[in-house]
>>> print(open('input_0.txt').read())   # compact mmCIF, C-alpha atoms and all ligand atoms
# COMPACT_ATOMS: atom_id res chain seq x y z
CA MET A 23 -5.64 -8.05 10.15
CA LEU A 24 -2.03 -6.92 10.33
CA GLU A 25 -0.08 -7.22 13.59
CA ILE A 26 3.43 -5.86 13.92
CA GLU A 27 5.42 -6.56 17.08
CA ASN A 28 8.81 -5.13 18.00
CA LEU A 29 9.82 -4.50 14.40
CA SER A 30 13.38 -3.29 13.91
CA LYS A 31 15.41 -3.03 10.73
CA SER A 32 18.98 -1.90 10.15
CA TYR A 33 20.79 -1.29 6.90
CA GLY A 34 24.38 -1.85 8.02
CA LYS A 35 24.90 0.75 10.74
CA THR A 36 21.76 2.73 9.86
CA MET A 37 18.92 1.82 12.21
CA ALA A 38 15.99 2.55 9.86
CA ILE A 39 13.18 1.13 12.06
CA LYS A 40 13.37 1.13 15.84
CA ASN A 41 11.16 -1.32 17.69
CA ILE A 42 7.79 -0.43 16.22
CA ASN A 43 4.42 -1.95 17.23
CA PHE A 44 1.01 -1.50 15.64
CA ILE A 45 -2.14 -3.25 14.48
CA VAL A 46 -4.36 -2.60 11.46
CA ASN A 47 -7.82 -4.16 11.79
CA GLU A 48 -9.98 -5.56 9.01
CA GLY A 49 -11.51 -2.85 6.86
CA GLU A 50 -9.15 -0.16 8.16
CA ILE A 51 -6.90 2.12 6.16
CA ALA A 52 -3.74 2.96 8.09
CA VAL A 53 -1.66 5.82 6.75
CA LEU A 54 2.09 5.90 7.35
CA ALA A 55 3.19 9.50 7.11
CA GLY A 56 6.50 11.19 7.76
CA PRO A 57 9.28 13.11 6.06
CA ASN A 58 11.56 11.54 3.44
CA GLY A 59 13.81 8.96 5.02
CA ALA A 60 11.53 8.43 8.06
CA GLY A 61 11.25 4.68 7.36
CA LYS A 62 7.85 4.34 5.64
CA SER A 63 9.02 2.28 2.66
CA THR A 64 11.18 0.12 4.92
CA ILE A 65 8.15 -0.87 7.03
CA ILE A 66 6.12 -1.65 3.90
CA LYS A 67 8.95 -3.74 2.40
CA CYS A 68 9.35 -5.66 5.66
CA VAL A 69 5.61 -6.44 5.69
CA ALA A 70 5.74 -7.41 2.00
CA GLY A 71 8.42 -9.95 2.95
CA LEU A 72 11.15 -8.33 0.86
CA LEU A 73 13.56 -7.49 3.68
CA LYS A 74 15.04 -9.34 6.62
CA TYR A 75 13.95 -7.81 9.91
CA GLU A 76 13.82 -8.39 13.64
CA GLY A 77 10.46 -8.78 15.35
CA ASN A 78 7.24 -10.39 14.24
CA ILE A 79 4.75 -9.61 11.46
CA ASP A 80 1.46 -11.53 11.22
CA VAL A 81 -1.16 -11.22 8.50
CA ASN A 82 -4.53 -12.76 9.38
CA GLY A 83 -2.76 -14.81 12.04
CA TYR A 84 -0.01 -16.12 9.75
CA ASN A 85 3.60 -15.03 9.65
CA ASN A 86 4.09 -12.73 6.66
CA LYS A 87 6.72 -15.02 5.14
CA SER A 88 4.55 -18.16 5.29
CA ILE A 89 2.64 -19.24 2.17
CA GLU A 90 -0.68 -18.35 3.84
CA GLY A 91 0.69 -14.95 4.82
CA LYS A 92 2.08 -14.22 1.38
CA ARG A 93 -1.14 -15.28 -0.31
CA ALA A 94 -3.03 -12.66 1.71
CA ILE A 95 -0.75 -9.76 0.74
CA GLY A 96 -1.06 -7.46 -2.26
CA TYR A 97 1.85 -5.03 -2.74
CA ILE A 98 1.97 -1.94 -4.91
CA PRO A 99 5.57 -0.72 -4.81
CA GLU A 100 6.65 2.86 -5.18
CA MET A 101 8.51 2.04 -8.41
CA PRO A 102 6.61 -0.34 -10.67
CA SER A 103 8.76 -3.08 -12.13
CA LEU A 104 7.09 -4.88 -15.00
CA PHE A 105 8.33 -7.55 -17.39
CA SER A 106 9.31 -5.78 -20.59
CA LEU A 107 8.28 -8.71 -22.81
CA LEU A 108 4.88 -9.44 -21.26
CA THR A 109 1.76 -7.56 -22.30
CA ILE A 110 -0.51 -5.84 -19.80
CA GLU A 111 -2.98 -8.69 -20.10
CA GLU A 112 -0.25 -11.29 -19.58
CA HIS A 113 0.87 -9.54 -16.39
CA ILE A 114 -2.63 -9.94 -14.95
CA THR A 115 -2.86 -13.57 -16.07
CA LEU A 116 0.54 -14.35 -14.55
CA MET A 117 -0.49 -12.85 -11.20
CA ALA A 118 -3.86 -14.61 -11.16
CA HIS A 119 -2.28 -17.98 -12.00
CA SER A 120 0.53 -17.55 -9.47
CA TYR A 121 -2.03 -16.97 -6.73
CA GLY A 122 -4.33 -19.77 -7.94
CA ILE A 123 -7.19 -17.37 -8.72
CA LYS A 124 -9.56 -19.16 -11.10
CA GLU A 125 -12.19 -16.66 -12.16
CA TYR A 126 -10.48 -13.39 -12.76
CA GLU A 127 -11.44 -12.37 -16.31
CA ASN A 128 -14.40 -10.17 -15.36
CA LYS A 129 -12.49 -8.47 -12.61
CA SER A 130 -9.50 -8.01 -14.89
CA GLN A 131 -11.67 -6.32 -17.51
CA GLU A 132 -13.26 -4.10 -14.86
CA LEU A 133 -9.89 -2.99 -13.47
CA LEU A 134 -8.28 -2.42 -16.87
CA LYS A 135 -11.27 -0.34 -18.00
CA LEU A 136 -11.25 1.65 -14.77
CA PHE A 137 -7.61 2.59 -15.36
CA ASP A 138 -7.98 3.23 -19.13
CA LEU A 139 -5.81 0.24 -19.98
CA TRP A 140 -8.40 -2.00 -21.65
CA ASP A 141 -7.71 -0.82 -25.22
CA LYS A 142 -3.97 -1.07 -24.50
CA LYS A 143 -4.00 -4.55 -22.99
CA SER A 144 -1.82 -6.00 -25.76
CA LYS A 145 0.95 -3.48 -25.25
CA TYR A 146 4.23 -4.77 -23.82
CA GLY A 147 5.69 -3.66 -20.49
CA SER A 148 8.52 -1.93 -22.33
CA GLU A 149 6.01 0.22 -24.25
CA LEU A 150 4.34 1.76 -21.21
CA SER A 151 4.85 5.16 -19.60
CA LYS A 152 5.69 5.32 -15.89
CA GLY A 153 2.09 6.18 -15.01
CA MET A 154 0.73 3.30 -17.12
CA GLN A 155 3.19 0.91 -15.47
CA GLN A 156 1.97 2.14 -12.09
CA LYS A 157 -1.63 1.42 -13.08
CA VAL A 158 -0.72 -2.12 -14.27
CA SER A 159 1.05 -2.67 -10.98
CA ILE A 160 -2.14 -1.64 -9.12
CA CYS A 161 -4.24 -4.05 -11.23
CA CYS A 162 -1.74 -6.88 -10.58
CA ALA A 163 -2.01 -6.38 -6.81
CA LEU A 164 -5.81 -6.17 -6.83
CA ILE A 165 -6.47 -9.19 -9.05
CA THR A 166 -5.33 -11.50 -6.22
CA ASN A 167 -8.11 -10.25 -3.85
CA PRO A 168 -5.65 -9.38 -1.08
CA LYS A 169 -6.69 -9.36 2.58
CA LEU A 170 -3.91 -6.86 3.21
CA LEU A 171 -3.03 -4.26 0.59
CA LEU A 172 0.32 -2.49 0.91
CA VAL A 173 0.67 0.71 -1.06
CA ASP A 174 3.84 2.79 -1.13
CA GLU A 175 3.20 6.40 -2.20
CA PRO A 176 0.18 5.48 -4.35
CA MET A 177 -0.69 8.85 -5.83
CA ILE A 178 2.75 9.73 -7.18
CA GLY A 179 2.98 9.41 -10.95
CA LEU A 180 -0.76 8.93 -11.47
CA ASP A 181 -2.98 11.29 -13.47
CA PRO A 182 -5.98 12.91 -11.74
CA LYS A 183 -8.45 10.37 -13.13
CA ALA A 184 -6.33 7.44 -11.91
CA ILE A 185 -5.98 9.10 -8.49
CA ARG A 186 -9.76 9.30 -8.29
CA SER A 187 -10.06 5.63 -9.35
CA MET A 188 -7.45 4.61 -6.79
CA LYS A 189 -9.31 6.41 -4.01
CA GLY A 190 -12.57 4.76 -5.09
CA ILE A 191 -10.92 1.35 -5.00
CA LEU A 192 -9.51 1.95 -1.53
CA GLN A 193 -13.00 2.86 -0.25
CA GLU A 194 -14.41 -0.24 -1.89
CA ILE A 195 -11.90 -2.81 -0.65
CA LYS A 196 -12.12 -1.34 2.81
CA LYS A 197 -15.85 -2.17 2.80
CA SER A 198 -15.01 -5.73 1.81
CA GLY A 199 -12.86 -6.07 4.96
CA THR A 200 -9.41 -5.77 3.40
CA CYS A 201 -6.93 -3.86 5.51
CA VAL A 202 -4.74 -1.29 3.86
CA LEU A 203 -1.34 0.05 4.88
CA LEU A 204 -0.46 3.04 2.78
CA SER A 205 2.50 5.40 2.90
CA THR A 206 2.30 8.93 1.66
CA HIS A 207 3.64 12.38 2.22
CA LEU A 208 0.71 13.87 0.28
CA LEU A 209 -1.58 14.13 3.27
CA ASP A 210 -4.43 15.89 1.43
CA SER A 211 -4.78 12.87 -0.85
CA VAL A 212 -5.87 10.59 2.00
CA GLN A 213 -7.81 13.09 4.11
CA ASP A 214 -11.15 11.33 3.46
CA LEU A 215 -9.76 7.80 3.61
CA TRP A 216 -7.74 7.22 6.75
CA ASP A 217 -8.85 5.31 9.86
CA ARG A 218 -5.49 5.23 11.62
CA ILE A 219 -2.59 7.65 11.29
CA LEU A 220 0.98 6.62 12.06
CA ILE A 221 3.41 9.50 11.88
CA MET A 222 7.09 8.59 11.74
CA LYS A 223 10.31 10.42 12.31
CA ASN A 224 13.75 8.79 12.23
CA GLY A 225 12.41 5.24 12.34
CA GLU A 226 10.02 5.77 15.26
CA PHE A 227 6.37 6.69 15.65
CA VAL A 228 5.82 10.18 16.98
CA LEU A 229 2.05 9.67 16.78
CA SER A 230 -0.20 6.64 16.41
CA LYS A 231 -3.92 7.38 16.59
CA ALA A 232 -7.29 6.27 15.27
CA ARG A 233 -9.67 8.72 13.58
CA ASP A 234 -12.07 8.25 16.52
CA ASP A 235 -9.46 9.71 18.86
CA PHE A 236 -10.08 13.06 17.18
CA LYS A 237 -13.86 12.88 17.03
CA ASP A 238 -14.43 15.78 19.41
CA GLU A 239 -12.26 18.21 17.45
CA PHE A 240 -11.93 18.24 13.68
CA LYS A 241 -8.33 18.40 12.58
CA SER A 242 -6.88 17.91 9.13
CA LEU A 243 -4.09 15.38 8.76
CA GLU A 244 -1.80 18.25 7.85
CA GLU A 245 -2.52 20.03 11.14
CA ILE A 246 -1.92 16.83 13.07
CA PHE A 247 1.29 16.20 11.14
CA PHE A 248 2.83 19.62 11.77
CA GLU A 249 1.84 19.58 15.44
CA VAL A 250 3.92 16.49 16.05
CA THR A 251 6.79 16.88 13.58
CA GLU A 252 7.72 20.57 14.01
CA ASP A 253 10.07 21.27 16.91
P1 LIG B 1 10.81 6.76 3.53
O1 LIG B 1 10.10 5.76 2.70
O2 LIG B 1 10.04 7.20 4.75
O3 LIG B 1 11.24 7.96 2.74
P2 LIG B 1 12.91 4.72 3.75
O4 LIG B 1 12.24 3.61 4.46
O5 LIG B 1 13.09 4.60 2.29
O6 LIG B 1 12.15 6.11 4.11
O7 LIG B 1 14.33 4.98 4.41
C1 LIG B 1 14.54 4.96 5.83
C2 LIG B 1 16.03 5.10 6.12
O8 LIG B 1 16.72 3.94 5.67
C3 LIG B 1 16.72 6.28 5.43
O9 LIG B 1 17.69 6.77 6.32
C4 LIG B 1 17.36 5.66 4.23
O10 LIG B 1 18.51 6.36 3.84
C5 LIG B 1 17.71 4.26 4.72
N1 LIG B 1 17.67 3.24 3.64
C6 LIG B 1 16.58 2.89 2.90
N2 LIG B 1 16.88 1.92 2.02
C7 LIG B 1 18.20 1.64 2.20
C8 LIG B 1 19.11 0.71 1.59
N3 LIG B 1 18.70 -0.13 0.64
N4 LIG B 1 20.39 0.72 2.03
C9 LIG B 1 20.80 1.55 3.02
N5 LIG B 1 19.97 2.43 3.63
C10 LIG B 1 18.70 2.49 3.24
MG MG B 2 9.49 5.80 0.72
>>> encode(input="input_0.txt", output="structure tokens")
Amino acid sequence: MLEIENLSKSYGKTMAIKNINFIVNEGEIAVLAGPNGAGKSTIIKCVAGLLKYEGNIDVNGYNNKSIEGKRAIGYIPEMPSLFSLLTIEEHITLMAHSYGIKEYENKSQELLKLFDLWDKKSKYGSELSKGMQQKVSICCALITNPKLLLVDEPMIGLDPKAIRSMKGILQEIKKSGTCVLLSTHLLDSVQDLWDRILIMKNGEFVLSKARDDFKDEFKSLEEIFFEVTED
């Protein structure tokens, strides 16, 4: 479970996030949507523990910067950043060892095969295309069995097969109780996945609703988005 209370973040004089509150329950996929510059990546980076912020962020009851909190978080950044001199396989091993995961070989093989990386597992970080780096980055986050998965613009840079695999994985980890916080401006790509929609504009939520809130009237995410963001 992810609980965010009174989160604010400034970059110098730019107030990027303005006193935001929300909760993502176990097994829920929350989608952060909003135009470029709305503050989506900033929220995700605060939760991932990469930025200083004001307010409080708890993951499964632990502060996100505590060891217990960090152990529960998997983060797939918008821009993958791999080690140029480690192979794909070594990236996975490094992640698994860092998180103290003992039995990871079967899962590693499964993930690498799913993303067409198995026959390339001895290639170095420096030899990979952007899309391949993105897929390795996804495998690295998933190998730690996160209780909270943070994904910043997941579909960008992936080929159609990888997008399908990514969606399948999100459905699967949701069933296992993991909560997911995902940012995207490609609303179609998460139409079948979302449980909670958080639409941002200028660092604030203009809408925060659960899928159940719309159960009497079917609306696409795109319709919901334009209703609240167009003046
Ligand atoms: P989004 O992911 O929704 O496109 P961001 O969270 O990246 O938005 O950015 C939110 C706001 O914060 C924007 O106004 C952006 O210019 C600003 N911002 C983001 N990162 C930095 C940074 N490192 N330094 C200064 N301003 C930043
Ligand atoms: Mg962003």
>>> residues_near_ligand(input="input_0.txt", ligand="ligand MG 2 (chain B)", cutoff="8 Å", atoms="only C-alpha atoms and all ligand atoms", output="list of chain:residue names")
A:Asn58, A:Gly59, A:Gly61, A:Lys62, A:Ser63, A:Thr64, A:Glu100, A:Asp174, A:Glu175, A:Ser205, A:Thr206
>>> write_last_selection(input="input_0.txt", atoms="C-alpha atoms", output="PDB file, in the coordinates of the input")
ATOM      1  CA  ASN A  58      11.560  11.540   3.440  1.00  0.00           C
ATOM      2  CA  GLY A  59      13.810   8.960   5.020  1.00  0.00           C
ATOM      3  CA  GLY A  61      11.250   4.680   7.360  1.00  0.00           C
ATOM      4  CA  LYS A  62       7.850   4.340   5.640  1.00  0.00           C
ATOM      5  CA  SER A  63       9.020   2.280   2.660  1.00  0.00           C
ATOM      6  CA  THR A  64      11.180   0.120   4.920  1.00  0.00           C
ATOM      7  CA  GLU A 100       6.650   2.860  -5.180  1.00  0.00           C
ATOM      8  CA  ASP A 174       3.840   2.790  -1.130  1.00  0.00           C
ATOM      9  CA  GLU A 175       3.200   6.400  -2.200  1.00  0.00           C
ATOM     10  CA  SER A 205       2.500   5.400   2.900  1.00  0.00           C
ATOM     11  CA  THR A 206       2.300   8.930   1.660  1.00  0.00           C
TER      12      THR A 206
END
>>> axis_aligned_box(input="input_0.txt", around="range 195-208 of chain A", padding_each_side="6 Å", output="AutoDock Vina command-line options")
--center_x -6.1 --center_y 3.9 --center_z 2.4 --size_x 31.5 --size_y 31.9 --size_z 18.2
>>> closest_residue(input="input_0.txt", among="A:Met222, A:Ile195, A:Ile178, A:Val53", to="ligand LIG 1 (chain B)", atoms="only C-alpha atoms and all ligand atoms")
A:Met222
>>> residues_around(input="input_0.txt", residues="Val173 in chain A", least_positions_apart="3", cutoff="12 Å", atoms="all atoms listed in the file", output="PDB file with C-alpha atoms, keeping the file's coordinate frame")
ATOM      1  CA  ILE A  51      -6.900   2.120   6.160  1.00  0.00           C
ATOM      2  CA  ALA A  52      -3.740   2.960   8.090  1.00  0.00           C
ATOM      3  CA  VAL A  53      -1.660   5.820   6.750  1.00  0.00           C
ATOM      4  CA  LEU A  54       2.090   5.900   7.350  1.00  0.00           C
ATOM      5  CA  LYS A  62       7.850   4.340   5.640  1.00  0.00           C
ATOM      6  CA  SER A  63       9.020   2.280   2.660  1.00  0.00           C
ATOM      7  CA  ILE A  65       8.150  -0.870   7.030  1.00  0.00           C
ATOM      8  CA  ILE A  66       6.120  -1.650   3.900  1.00  0.00           C
ATOM      9  CA  LYS A  67       8.950  -3.740   2.400  1.00  0.00           C
ATOM     10  CA  VAL A  69       5.610  -6.440   5.690  1.00  0.00           C
ATOM     11  CA  ALA A  70       5.740  -7.410   2.000  1.00  0.00           C
ATOM     12  CA  ILE A  95      -0.750  -9.760   0.740  1.00  0.00           C
ATOM     13  CA  GLY A  96      -1.060  -7.460  -2.260  1.00  0.00           C
ATOM     14  CA  TYR A  97       1.850  -5.030  -2.740  1.00  0.00           C
ATOM     15  CA  ILE A  98       1.970  -1.940  -4.910  1.00  0.00           C
ATOM     16  CA  PRO A  99       5.570  -0.720  -4.810  1.00  0.00           C
ATOM     17  CA  GLU A 100       6.650   2.860  -5.180  1.00  0.00           C
ATOM     18  CA  MET A 101       8.510   2.040  -8.410  1.00  0.00           C
ATOM     19  CA  PRO A 102       6.610  -0.340 -10.670  1.00  0.00           C
ATOM     20  CA  GLN A 156       1.970   2.140 -12.090  1.00  0.00           C
ATOM     21  CA  SER A 159       1.050  -2.670 -10.980  1.00  0.00           C
ATOM     22  CA  ILE A 160      -2.140  -1.640  -9.120  1.00  0.00           C
ATOM     23  CA  ALA A 163      -2.010  -6.380  -6.810  1.00  0.00           C
ATOM     24  CA  LEU A 164      -5.810  -6.170  -6.830  1.00  0.00           C
ATOM     25  CA  PRO A 168      -5.650  -9.380  -1.080  1.00  0.00           C
ATOM     26  CA  LEU A 170      -3.910  -6.860   3.210  1.00  0.00           C
ATOM     27  CA  PRO A 176       0.180   5.480  -4.350  1.00  0.00           C
ATOM     28  CA  MET A 177      -0.690   8.850  -5.830  1.00  0.00           C
ATOM     29  CA  ILE A 178       2.750   9.730  -7.180  1.00  0.00           C
ATOM     30  CA  MET A 188      -7.450   4.610  -6.790  1.00  0.00           C
ATOM     31  CA  LYS A 189      -9.310   6.410  -4.010  1.00  0.00           C
ATOM     32  CA  LEU A 192      -9.510   1.950  -1.530  1.00  0.00           C
ATOM     33  CA  CYS A 201      -6.930  -3.860   5.510  1.00  0.00           C
ATOM     34  CA  VAL A 202      -4.740  -1.290   3.860  1.00  0.00           C
ATOM     35  CA  LEU A 203      -1.340   0.050   4.880  1.00  0.00           C
ATOM     36  CA  LEU A 204      -0.460   3.040   2.780  1.00  0.00           C
ATOM     37  CA  SER A 205       2.500   5.400   2.900  1.00  0.00           C
ATOM     38  CA  THR A 206       2.300   8.930   1.660  1.00  0.00           C
TER      39      THR A 206
END
>>> closest_residue(input="input_0.txt", among="A:Ser30, A:Ser242, A:Thr115, A:Asn224", to="ligand LIG 1 (chain B)", atoms="all atoms listed in the file")
A:Asn224
>>> closest_residue(input="input_0.txt", among="A:Ser120, A:Lys223, A:Leu24, A:Glu127", to="ligand LIG 1 (chain B)", atoms="all atoms listed in the file")
A:Lys223
>>> atom_distance(input="input_0.txt", atom1="atom N3 of ligand LIG 1 (chain B)", atom2="CA of Glu226 in chain A")
18.0 Å
>>> closest_residue(input="input_0.txt", among="A:Arg93, A:His207, A:Lys143, A:Arg218", to="ligand LIG 1 (chain B)", atoms="all atoms listed in the file")
A:His207
>>> closest_atom_pairs(input="input_0.txt", of="range 30-112 of chain A", to="range 228-238 of chain A", cutoff="12 Å", atoms="all atoms listed in the file", output="Markdown table")
| residue | atom | partner | partner_atom | distance |
| --- | --- | --- | --- | --- |
| A:Lys40 | CA | A:Val228 | CA | 11.8 |
| A:Ile42 | CA | A:Ser230 | CA | 10.7 |
| A:Asn43 | CA | A:Ser230 | CA | 9.8 |
| A:Phe44 | CA | A:Ser230 | CA | 8.3 |
| A:Ile45 | CA | A:Ser230 | CA | 10.3 |
| A:Val46 | CA | A:Ala232 | CA | 10.1 |
| A:Asn47 | CA | A:Ala232 | CA | 11.0 |
| A:Glu50 | CA | A:Ala232 | CA | 9.8 |
| A:Ile51 | CA | A:Ala232 | CA | 10.0 |
| A:Ala52 | CA | A:Ala232 | CA | 8.7 |
| A:Val53 | CA | A:Ser230 | CA | 9.8 |
| A:Leu54 | CA | A:Ser230 | CA | 9.4 |
| A:Ala55 | CA | A:Leu229 | CA | 9.7 |
| A:Gly56 | CA | A:Val228 | CA | 9.3 |
| A:Pro57 | CA | A:Val228 | CA | 11.8 |
| A:Ala60 | CA | A:Val228 | CA | 10.7 |
>>> closest_residue(input="input_0.txt", among="A:Tyr84, A:Glu27, A:Thr36, A:Leu180", to="ligand LIG 1 (chain B)", atoms="all atoms listed in the file")
A:Thr36
>>> atom_distance(input="input_0.txt", atom1="CA of Asn85 in chain A", atom2="CA of Gly71 in chain A")
9.7 Å
>>> atom_distance(input="input_0.txt", atom1="atom O2 of ligand LIG 1 (chain B)", atom2="CA of Glu249 in chain A")
18.3 Å
>>> closest_residue(input="input_0.txt", among="A:Lys87, A:Lys196, A:Lys157, A:Lys183", to="Asp217 in chain A", atoms="all atoms listed in the file")
A:Lys196
>>> residues_around(input="input_0.txt", residues="Gln131 in chain A", least_positions_apart="4", cutoff="12 Å", atoms="all atoms listed in the file", output="count of residues only")
18
